[in-house]
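First up is the structure itself, then whatever we jot down about it.
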Amino acid sequence: MSPVPDLEIIMISKTFFITGVSSGFGLALSREALAAGHTVIGTVRNEEARGAFETLDDRRAHAVVLDVTDIDAIPGVVTDAEARFGRVDVLVNNAGYGHEGIFEESPLSEMRRQFEVNVFGAVGVTHAFVPRFRERRRGHIVNITSMGGFITMPGIAYYCGSKFALEGISEVLGKELRPFGVHVTAVAPGSFRTDWAGRSMQRSPRSIPDYDASFDPIRQARQEKSGKQLGDPAKAAKAILALTSLPEPSAHLLLGSDALSLVREKLAAMTSDIDRWESLTRSTDG
């Protein structure tokens, strides 16, 4: 059964450009797209990873070496990729990582790095594709955000900040590009069995005892849960692939029942707060 049974799915062979295809959602989506007959251009960090990715399919799996934080290199890589492998139909900004740390204990340098990868990297790649998609009057940009772009939890302030930023940028860009037939979707996964909470997670060392009681159990639980999360990356890949086959894809897509319930709780709490303080809100009108 289709994950979107009430919507028309158009299966046409496309070319995907996916950042961060060595593991996690990037690898899962690449495998699913290749299995469906699509062509995938994936970004990797080194030549060894390039070789490993291209073994997935000797005709339709192509890898390019790119660090998404090297903003100056992105336009040339994109131009070369399209010249060699064909025009890209779908851009998936997947490259990113998680930072965990109490705000007071986490240096600003770690926040800068988090935003360089999760926000500036995604925006840099998008900048290279937007004029191409606009001129062709078609294209789909998929930004992998997180339920952490809607909800917050102690210890991931920098990560949530980066994903909140990418959610907002995606929504605005979608409105700007809609007149040209270009779609933008922010895909917000919940907890999935990827490396996000494992080897990919950057953790600031603990240093302030005041936070021990509140945060240490959270850090321990997150580490113990890594690899045992409810979400299946292969099923997420199928859902994303279905999304890119829709003639009118959504601007936002949550993935996972945990994301669904937690975001609904957040929206309900926000609505309650807005209603509670309505009179004070209105008191500022001239």
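As shown in the structure tokens, the chain order sets the letters A, B, ...; within each chain, residues go from 1, and ligands are also counted from 1 in the order they appear.
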
Hey, could you make a per-residue contact list for segment 36-78 of chain A against segment 92-110 of chain A with 12 Å as the cut-off, showing the nearest pair of atoms and its distance in Å to one decimal, counting only C-alpha atoms, sorted by chain and number, as a Markdown table?
```
| residue | atom | partner | partner_atom | distance |
| --- | --- | --- | --- | --- |
| A:Val40 | CA | A:Val92 | CA | 10.4 |
| A:Ile41 | CA | A:Val92 | CA | 10.3 |
| A:Gly42 | CA | A:Val92 | CA | 9.5 |
| A:Thr43 | CA | A:Ala95 | CA | 8.6 |
| A:Val44 | CA | A:Ala95 | CA | 9.4 |
| A:Arg45 | CA | A:Ala95 | CA | 10.6 |
| A:Leu66 | CA | A:Ala95 | CA | 10.6 |
| A:Asp67 | CA | A:Ala95 | CA | 9.3 |
| A:Val68 | CA | A:Ala95 | CA | 7.7 |
| A:Thr69 | CA | A:Ala95 | CA | 10.2 |
```

Keeping only N, CA and C atoms, write those residues as a PDB file, in the first residue's frame.
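This went into out-v9.pdb:
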```pdb
ATOM      1  N   VAL A  40      21.331   8.889  -8.930  1.00  0.00           N
ATOM      2  CA  VAL A  40      21.689   9.604  -7.703  1.00  0.00           C
ATOM      3  C   VAL A  40      23.110  10.140  -7.793  1.00  0.00           C
ATOM      4  N   ILE A  41      23.235  11.440  -7.571  1.00  0.00           N
ATOM      5  CA  ILE A  41      24.540  12.081  -7.396  1.00  0.00           C
ATOM      6  C   ILE A  41      24.650  12.376  -5.907  1.00  0.00           C
ATOM      7  N   GLY A  42      25.603  11.757  -5.238  1.00  0.00           N
ATOM      8  CA  GLY A  42      25.731  11.922  -3.799  1.00  0.00           C
ATOM      9  C   GLY A  42      27.034  12.578  -3.415  1.00  0.00           C
ATOM     10  N   THR A  43      26.996  13.421  -2.397  1.00  0.00           N
ATOM     11  CA  THR A  43      28.236  14.028  -1.918  1.00  0.00           C
ATOM     12  C   THR A  43      28.844  13.180  -0.810  1.00  0.00           C
ATOM     13  N   VAL A  44      30.164  13.035  -0.880  1.00  0.00           N
ATOM     14  CA  VAL A  44      30.926  12.287   0.123  1.00  0.00           C
ATOM     15  C   VAL A  44      32.112  13.138   0.539  1.00  0.00           C
ATOM     16  N   ARG A  45      32.793  12.697   1.589  1.00  0.00           N
ATOM     17  CA  ARG A  45      33.886  13.506   2.124  1.00  0.00           C
ATOM     18  C   ARG A  45      35.264  13.127   1.598  1.00  0.00           C
ATOM     19  N   LEU A  66      32.738  16.525  -1.665  1.00  0.00           N
ATOM     20  CA  LEU A  66      32.377  17.887  -1.289  1.00  0.00           C
ATOM     21  C   LEU A  66      32.177  17.989   0.211  1.00  0.00           C
ATOM     22  N   ASP A  67      32.822  18.961   0.815  1.00  0.00           N
ATOM     23  CA  ASP A  67      32.540  19.370   2.187  1.00  0.00           C
ATOM     24  C   ASP A  67      31.574  20.540   2.081  1.00  0.00           C
ATOM     25  N   VAL A  68      30.354  20.385   2.545  1.00  0.00           N
ATOM     26  CA  VAL A  68      29.339  21.424   2.340  1.00  0.00           C
ATOM     27  C   VAL A  68      29.676  22.732   3.047  1.00  0.00           C
ATOM     28  N   THR A  69      30.645  22.704   3.960  1.00  0.00           N
ATOM     29  CA  THR A  69      31.053  23.960   4.601  1.00  0.00           C
ATOM     30  C   THR A  69      32.049  24.732   3.742  1.00  0.00           C
TER      31      THR A  69
END
```

If we count only C-alpha atoms, what is near Phe133 of chain A at a cut-off of 12 Å, once residues fewer than 2 positions away on the same chain are taken out, given as an NGL selection string? :A and (87-91 or 126-131 or 135-141 or 177-184)

Prev. selection, N, CA and C atoms, output as a tab-separated table (two decimals), in the first residue's frame:
```tsv
chain	number	residue	atom	x	y	z
A	87	ARG	N	20.92	16.91	-15.80
A	87	ARG	CA	20.22	17.92	-15.00
A	87	ARG	C	19.56	17.30	-13.77
A	88	VAL	N	19.71	17.97	-12.66
A	88	VAL	CA	19.15	17.48	-11.39
A	88	VAL	C	17.69	17.89	-11.29
A	89	ASP	N	16.86	16.95	-10.87
A	89	ASP	CA	15.44	17.21	-10.66
A	89	ASP	C	15.10	17.45	-9.20
A	90	VAL	N	15.81	16.75	-8.31
A	90	VAL	CA	15.51	16.81	-6.87
A	90	VAL	C	16.81	17.02	-6.10
A	91	LEU	N	16.85	18.07	-5.30
A	91	LEU	CA	17.96	18.30	-4.38
A	91	LEU	C	17.52	17.90	-2.99
A	126	THR	N	21.82	24.88	-1.82
A	126	THR	CA	20.56	25.35	-2.38
A	126	THR	C	20.77	26.55	-3.28
A	127	HIS	N	21.62	27.47	-2.86
A	127	HIS	CA	21.92	28.65	-3.68
A	127	HIS	C	22.42	28.25	-5.06
A	128	ALA	N	23.18	27.18	-5.14
A	128	ALA	CA	23.73	26.74	-6.42
A	128	ALA	C	22.65	26.17	-7.34
A	129	PHE	N	21.58	25.63	-6.75
A	129	PHE	CA	20.53	25.00	-7.55
A	129	PHE	C	19.35	25.90	-7.85
A	130	VAL	N	19.06	26.87	-7.02
A	130	VAL	CA	17.86	27.68	-7.19
A	130	VAL	C	17.76	28.33	-8.58
A	131	PRO	N	18.82	29.00	-9.08
A	131	PRO	CA	18.68	29.61	-10.41
A	131	PRO	C	18.45	28.57	-11.51
A	135	GLU	N	15.00	28.72	-13.67
A	135	GLU	CA	15.04	28.90	-15.12
A	135	GLU	C	14.37	27.74	-15.85
A	136	ARG	N	14.45	26.54	-15.29
A	136	ARG	CA	13.81	25.38	-15.92
A	136	ARG	C	12.32	25.30	-15.60
A	137	ARG	N	11.89	26.10	-14.60
A	137	ARG	CA	10.50	26.09	-14.16
A	137	ARG	C	10.09	24.72	-13.60
A	138	ARG	N	11.01	24.06	-12.96
A	138	ARG	CA	10.70	22.80	-12.29
A	138	ARG	C	11.84	22.46	-11.33
A	139	GLY	N	11.54	21.56	-10.40
A	139	GLY	CA	12.54	21.13	-9.43
A	139	GLY	C	11.91	20.98	-8.06
A	140	HIS	N	12.58	20.23	-7.20
A	140	HIS	CA	12.08	20.01	-5.85
A	140	HIS	C	13.28	20.03	-4.91
A	141	ILE	N	13.20	20.88	-3.91
A	141	ILE	CA	14.24	20.98	-2.88
A	141	ILE	C	13.68	20.36	-1.60
A	177	LEU	N	9.62	30.47	-4.56
A	177	LEU	CA	9.82	29.67	-5.77
A	177	LEU	C	8.54	29.07	-6.33
A	178	ARG	N	7.47	29.08	-5.56
A	178	ARG	CA	6.22	28.47	-6.01
A	178	ARG	C	5.74	29.01	-7.36
A	179	PRO	N	5.85	30.32	-7.65
A	179	PRO	CA	5.38	30.82	-8.95
A	179	PRO	C	6.13	30.23	-10.14
A	180	PHE	N	7.29	29.63	-9.88
A	180	PHE	CA	8.10	29.09	-10.98
A	180	PHE	C	8.00	27.57	-11.09
A	181	GLY	N	7.06	26.98	-10.36
A	181	GLY	CA	6.89	25.54	-10.43
A	181	GLY	C	7.92	24.74	-9.66
A	182	VAL	N	8.63	25.41	-8.75
A	182	VAL	CA	9.66	24.75	-7.94
A	182	VAL	C	9.11	24.55	-6.53
A	183	HIS	N	9.22	23.34	-6.02
A	183	HIS	CA	8.69	23.02	-4.69
A	183	HIS	C	9.81	22.91	-3.66
A	184	VAL	N	9.48	23.27	-2.43
A	184	VAL	CA	10.42	23.13	-1.30
A	184	VAL	C	9.68	22.44	-0.17
```

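Of the residues in segment 69-221 of chain A, those that DSSP places in strand (DSSP E) on the basis of the backbone are A:Val90, A:Leu91, A:Val92, A:Asn93, A:His99, A:Glu100, A:Gly139, A:His140, A:Ile141, A:Val142, A:Asn143, A:Ile144, A:Val182, A:His183, A:Val184, A:Thr185, A:Ala186, A:Val187, A:Ala188, A:Pro189, A:Gln202, A:Arg203.
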
Smallest atom-to-atom distance to Val77 of chain A: which of A:Ala28, A:Ala251, A:Ala33, A:Val125, using only C-alpha atoms? A:Val125

Within 12 Å of Gly256 of chain A, counting only C-alpha atoms, which residues qualify if same-chain residues fewer than 5 places away don't, as number ranges by chain? A: 146-147, 187-193, 229-233, 235-237, 239, 261-263

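With only C-alpha atoms as the basis for measurement, A:Ile18 is the residue among A:Arg113, A:Ile18, A:His252, A:Asp58 that approaches Val78 of chain A most closely.
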
Find, counting only C-alpha atoms, the residue in A:Leu173, A:Ser162, A:Val142, A:Ser279 that gets nearest to Pro249 of chain A. A:Val142

So what do you get for atom CA of Asp275 of chain A versus atom CA of Ala186 of chain A, distance-wise? 27.7 Å

Taking the DSSP secondary structure from the backbone, can you list the residues of segment 152-283 of chain A that are helix (DSSP H, G or I), as a short mmCIF file (atom, residue, chain, number, x, y, z; two decimals) with N, CA, C and O atoms, in the first residue's frame?
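Just written: result-v4.cif:
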```
data_model
loop_
_atom_site.label_atom_id
_atom_site.label_comp_id
_atom_site.auth_asym_id
_atom_site.auth_seq_id
_atom_site.Cartn_x
_atom_site.Cartn_y
_atom_site.Cartn_z
N ALA A 157 20.40 22.68 22.39
CA ALA A 157 20.03 24.04 22.00
C ALA A 157 20.60 24.41 20.64
O ALA A 157 19.91 25.00 19.80
N TYR A 158 21.87 24.10 20.41
CA TYR A 158 22.50 24.47 19.15
C TYR A 158 21.88 23.70 17.99
O TYR A 158 21.65 24.24 16.91
N TYR A 159 21.62 22.42 18.21
CA TYR A 159 21.02 21.60 17.16
C TYR A 159 19.61 22.09 16.83
O TYR A 159 19.28 22.31 15.66
N CYS A 160 18.80 22.29 17.86
CA CYS A 160 17.44 22.78 17.62
C CYS A 160 17.47 24.14 16.93
O CYS A 160 16.68 24.40 16.01
N GLY A 161 18.38 25.00 17.36
CA GLY A 161 18.49 26.31 16.73
C GLY A 161 18.76 26.19 15.24
O GLY A 161 18.16 26.91 14.43
N SER A 162 19.65 25.27 14.87
CA SER A 162 19.98 25.10 13.45
C SER A 162 18.80 24.57 12.67
O SER A 162 18.56 24.96 11.53
N LYS A 163 18.04 23.67 13.26
CA LYS A 163 16.90 23.08 12.55
C LYS A 163 15.71 24.03 12.51
O LYS A 163 14.96 24.05 11.53
N PHE A 164 15.50 24.83 13.57
CA PHE A 164 14.48 25.87 13.51
C PHE A 164 14.81 26.83 12.36
O PHE A 164 13.93 27.25 11.61
N ALA A 165 16.09 27.18 12.22
CA ALA A 165 16.51 28.09 11.16
C ALA A 165 16.22 27.50 9.79
O ALA A 165 15.69 28.17 8.89
N LEU A 166 16.56 26.22 9.60
CA LEU A 166 16.36 25.59 8.30
C LEU A 166 14.88 25.43 7.97
O LEU A 166 14.48 25.55 6.81
N GLU A 167 14.05 25.19 8.99
CA GLU A 167 12.61 25.13 8.77
C GLU A 167 12.10 26.48 8.24
O GLU A 167 11.34 26.54 7.27
N GLY A 168 12.51 27.56 8.87
CA GLY A 168 12.05 28.88 8.46
C GLY A 168 12.52 29.25 7.08
O GLY A 168 11.76 29.78 6.26
N ILE A 169 13.80 28.99 6.80
CA ILE A 169 14.36 29.29 5.48
C ILE A 169 13.62 28.50 4.41
O ILE A 169 13.29 29.02 3.33
N SER A 170 13.35 27.23 4.69
CA SER A 170 12.66 26.37 3.72
C SER A 170 11.28 26.91 3.39
O SER A 170 10.87 26.95 2.22
N GLU A 171 10.55 27.33 4.43
CA GLU A 171 9.19 27.80 4.21
C GLU A 171 9.16 29.08 3.38
O GLU A 171 8.34 29.22 2.46
N VAL A 172 10.06 30.01 3.68
CA VAL A 172 10.13 31.25 2.90
C VAL A 172 10.53 30.95 1.46
O VAL A 172 9.92 31.46 0.50
N LEU A 173 11.54 30.10 1.28
CA LEU A 173 12.01 29.79 -0.07
C LEU A 173 10.91 29.14 -0.89
O LEU A 173 10.75 29.42 -2.08
N GLY A 174 10.12 28.28 -0.25
CA GLY A 174 9.02 27.64 -0.95
C GLY A 174 8.02 28.66 -1.49
O GLY A 174 7.50 28.51 -2.61
N LYS A 175 7.74 29.69 -0.71
CA LYS A 175 6.81 30.73 -1.16
C LYS A 175 7.40 31.55 -2.31
O LYS A 175 6.68 31.97 -3.22
N GLU A 176 8.72 31.77 -2.26
CA GLU A 176 9.36 32.54 -3.32
C GLU A 176 9.43 31.78 -4.64
O GLU A 176 9.31 32.37 -5.72
N LEU A 177 9.62 30.47 -4.56
CA LEU A 177 9.82 29.67 -5.77
C LEU A 177 8.54 29.07 -6.33
O LEU A 177 8.53 28.60 -7.48
N ARG A 178 7.47 29.08 -5.56
CA ARG A 178 6.22 28.47 -6.01
C ARG A 178 5.74 29.01 -7.36
O ARG A 178 5.26 28.24 -8.21
N PRO A 179 5.85 30.32 -7.65
CA PRO A 179 5.38 30.82 -8.95
C PRO A 179 6.13 30.23 -10.14
O PRO A 179 5.64 30.32 -11.28
N PHE A 180 7.29 29.63 -9.88
CA PHE A 180 8.10 29.09 -10.98
C PHE A 180 8.00 27.57 -11.09
O PHE A 180 8.78 26.94 -11.80
N PRO A 209 28.39 21.07 37.98
CA PRO A 209 27.63 20.08 38.75
C PRO A 209 26.15 20.41 38.92
O PRO A 209 25.33 19.51 39.10
N ASP A 210 25.79 21.69 38.87
CA ASP A 210 24.38 22.06 39.04
C ASP A 210 23.47 21.35 38.05
O ASP A 210 22.28 21.14 38.34
N TYR A 211 23.98 20.99 36.88
CA TYR A 211 23.16 20.36 35.86
C TYR A 211 23.16 18.83 35.92
O TYR A 211 22.47 18.18 35.12
N ASP A 212 23.93 18.25 36.83
CA ASP A 212 24.07 16.79 36.88
C ASP A 212 22.72 16.08 37.01
O ASP A 212 22.43 15.14 36.27
N ALA A 213 21.92 16.50 37.96
CA ALA A 213 20.68 15.80 38.25
C ALA A 213 19.68 15.88 37.11
O ALA A 213 18.97 14.91 36.81
N SER A 214 19.64 17.00 36.43
CA SER A 214 18.64 17.17 35.37
C SER A 214 19.10 16.63 34.02
O SER A 214 18.30 16.08 33.26
N PHE A 215 20.41 16.74 33.74
CA PHE A 215 20.85 16.42 32.38
C PHE A 215 21.54 15.07 32.22
O PHE A 215 21.40 14.41 31.18
N ASP A 216 22.27 14.64 33.22
CA ASP A 216 23.00 13.37 33.06
C ASP A 216 22.08 12.20 32.69
O ASP A 216 22.43 11.38 31.83
N PRO A 217 20.88 12.07 33.30
CA PRO A 217 19.99 10.99 32.88
C PRO A 217 19.53 11.11 31.43
O PRO A 217 19.32 10.11 30.74
N ILE A 218 19.38 12.35 30.94
CA ILE A 218 18.98 12.57 29.56
C ILE A 218 20.08 12.11 28.62
O ILE A 218 19.83 11.41 27.62
N ARG A 219 21.33 12.49 28.92
CA ARG A 219 22.45 12.07 28.08
C ARG A 219 22.60 10.56 28.07
O ARG A 219 22.79 9.95 27.01
N GLN A 220 22.47 9.95 29.23
CA GLN A 220 22.61 8.50 29.32
C GLN A 220 21.51 7.79 28.54
O GLN A 220 21.77 6.82 27.81
N ALA A 221 20.28 8.27 28.69
CA ALA A 221 19.15 7.64 27.99
C ALA A 221 19.31 7.77 26.48
O ALA A 221 19.02 6.83 25.73
N ARG A 222 19.80 8.92 26.01
CA ARG A 222 19.98 9.13 24.57
C ARG A 222 21.04 8.17 24.04
O ARG A 222 20.88 7.60 22.95
N GLN A 223 22.11 7.98 24.78
CA GLN A 223 23.16 7.07 24.34
C GLN A 223 22.67 5.62 24.33
O GLN A 223 22.97 4.86 23.41
N GLU A 224 21.92 5.25 25.36
CA GLU A 224 21.43 3.87 25.45
C GLU A 224 20.39 3.56 24.38
O GLU A 224 20.27 2.41 23.94
N LYS A 225 19.67 4.59 23.94
CA LYS A 225 18.62 4.40 22.94
C LYS A 225 19.17 4.35 21.52
O LYS A 225 18.49 3.89 20.61
N PRO A 233 15.03 3.82 8.96
CA PRO A 233 15.51 4.70 7.89
C PRO A 233 15.06 4.27 6.50
O PRO A 233 14.80 5.12 5.64
N ALA A 234 14.94 2.97 6.25
CA ALA A 234 14.49 2.50 4.94
C ALA A 234 13.06 2.94 4.67
O ALA A 234 12.71 3.32 3.55
N LYS A 235 12.22 2.90 5.70
CA LYS A 235 10.82 3.32 5.53
C LYS A 235 10.75 4.85 5.37
O LYS A 235 9.90 5.36 4.63
N ALA A 236 11.64 5.56 6.06
CA ALA A 236 11.70 7.01 5.87
C ALA A 236 12.08 7.34 4.44
O ALA A 236 11.52 8.26 3.82
N ALA A 237 13.03 6.57 3.89
CA ALA A 237 13.46 6.78 2.51
C ALA A 237 12.31 6.57 1.54
O ALA A 237 12.13 7.34 0.58
N LYS A 238 11.51 5.55 1.77
CA LYS A 238 10.34 5.29 0.91
C LYS A 238 9.36 6.45 0.98
O LYS A 238 8.77 6.85 -0.04
N ALA A 239 9.15 7.00 2.18
CA ALA A 239 8.23 8.12 2.34
C ALA A 239 8.74 9.36 1.61
O ALA A 239 7.97 10.07 0.94
N ILE A 240 10.04 9.63 1.73
CA ILE A 240 10.62 10.80 1.05
C ILE A 240 10.54 10.62 -0.46
O ILE A 240 10.22 11.56 -1.20
N LEU A 241 10.81 9.42 -0.93
CA LEU A 241 10.75 9.16 -2.37
C LEU A 241 9.32 9.33 -2.87
O LEU A 241 9.09 9.90 -3.96
N ALA A 242 8.34 8.87 -2.10
CA ALA A 242 6.94 9.07 -2.47
C ALA A 242 6.61 10.56 -2.54
O ALA A 242 5.91 11.03 -3.45
N LEU A 243 7.12 11.32 -1.58
CA LEU A 243 6.90 12.77 -1.55
C LEU A 243 7.39 13.42 -2.83
O LEU A 243 6.71 14.28 -3.41
N THR A 244 8.57 13.03 -3.29
CA THR A 244 9.16 13.66 -4.48
C THR A 244 8.46 13.23 -5.76
O THR A 244 8.75 13.79 -6.83
N SER A 257 5.95 8.44 14.31
CA SER A 257 4.84 8.70 15.23
C SER A 257 5.27 9.52 16.42
O SER A 257 4.47 10.26 17.00
N ASP A 258 6.56 9.43 16.83
CA ASP A 258 7.01 10.26 17.95
C ASP A 258 7.04 11.72 17.55
O ASP A 258 6.61 12.60 18.31
N ALA A 259 7.50 12.01 16.33
CA ALA A 259 7.50 13.40 15.86
C ALA A 259 6.07 13.92 15.79
O ALA A 259 5.79 15.06 16.19
N LEU A 260 5.16 13.09 15.31
CA LEU A 260 3.77 13.50 15.18
C LEU A 260 3.17 13.88 16.53
O LEU A 260 2.57 14.96 16.69
N SER A 261 3.35 13.03 17.53
CA SER A 261 2.74 13.29 18.83
C SER A 261 3.41 14.47 19.54
O SER A 261 2.73 15.32 20.14
N LEU A 262 4.74 14.54 19.47
CA LEU A 262 5.45 15.62 20.17
C LEU A 262 5.18 16.98 19.54
O LEU A 262 5.02 17.98 20.25
N VAL A 263 5.12 17.03 18.22
CA VAL A 263 4.83 18.32 17.56
C VAL A 263 3.40 18.74 17.82
O VAL A 263 3.11 19.92 18.06
N ARG A 264 2.47 17.78 17.81
CA ARG A 264 1.08 18.12 18.14
C ARG A 264 0.97 18.67 19.56
O ARG A 264 0.24 19.63 19.82
N GLU A 265 1.70 18.07 20.51
CA GLU A 265 1.69 18.56 21.89
C GLU A 265 2.25 19.98 21.95
O GLU A 265 1.73 20.84 22.67
N LYS A 266 3.33 20.24 21.19
CA LYS A 266 3.93 21.57 21.18
C LYS A 266 2.96 22.60 20.62
O LYS A 266 2.78 23.70 21.18
N LEU A 267 2.28 22.27 19.53
CA LEU A 267 1.34 23.20 18.92
C LEU A 267 0.15 23.47 19.85
O LEU A 267 -0.33 24.61 19.94
N ALA A 268 -0.30 22.44 20.54
CA ALA A 268 -1.41 22.61 21.48
C ALA A 268 -0.99 23.52 22.63
O ALA A 268 -1.76 24.39 23.08
N ALA A 269 0.24 23.33 23.13
CA ALA A 269 0.73 24.17 24.22
C ALA A 269 0.89 25.61 23.77
O ALA A 269 0.58 26.55 24.52
N MET A 270 1.36 25.80 22.53
CA MET A 270 1.50 27.16 22.01
C MET A 270 0.14 27.83 21.87
O MET A 270 -0.01 29.02 22.21
N THR A 271 -0.84 27.09 21.38
CA THR A 271 -2.19 27.64 21.23
C THR A 271 -2.75 28.05 22.58
O THR A 271 -3.36 29.12 22.73
N SER A 272 -2.52 27.21 23.60
CA SER A 272 -2.98 27.53 24.94
C SER A 272 -2.33 28.80 25.47
O SER A 272 -2.99 29.66 26.07
N ASP A 273 -1.03 28.93 25.25
CA ASP A 273 -0.31 30.12 25.70
C ASP A 273 -0.80 31.37 24.98
O ASP A 273 -0.98 32.44 25.59
N ILE A 274 -1.01 31.25 23.67
CA ILE A 274 -1.50 32.39 22.88
C ILE A 274 -2.85 32.85 23.39
O ILE A 274 -3.10 34.05 23.58
N ASP A 275 -3.72 31.88 23.66
CA ASP A 275 -5.06 32.23 24.15
C ASP A 275 -4.98 32.87 25.54
O ASP A 275 -5.70 33.83 25.84
N ARG A 276 -4.11 32.32 26.38
CA ARG A 276 -4.02 32.81 27.76
C ARG A 276 -3.56 34.26 27.81
O ARG A 276 -4.02 35.05 28.64
N GLU A 278 -3.78 36.53 25.34
CA GLU A 278 -4.33 37.29 24.22
C GLU A 278 -4.55 38.76 24.57
O GLU A 278 -4.24 39.67 23.78
N SER A 279 -5.06 39.01 25.75
CA SER A 279 -5.35 40.41 26.11
C SER A 279 -4.07 41.24 26.20
O SER A 279 -4.04 42.40 25.78
N LEU A 280 -3.04 40.66 26.76
CA LEU A 280 -1.76 41.39 26.84
C LEU A 280 -1.18 41.59 25.44
O LEU A 280 -0.61 42.64 25.14
N THR A 281 -1.33 40.59 24.60
CA THR A 281 -0.85 40.70 23.23
C THR A 281 -1.54 41.86 22.50
O THR A 281 -0.90 42.67 21.84
N ARG A 282 -2.86 41.94 22.66
CA ARG A 282 -3.62 42.97 21.97
C ARG A 282 -3.41 44.36 22.57
O ARG A 282 -3.70 45.38 21.93
#
```
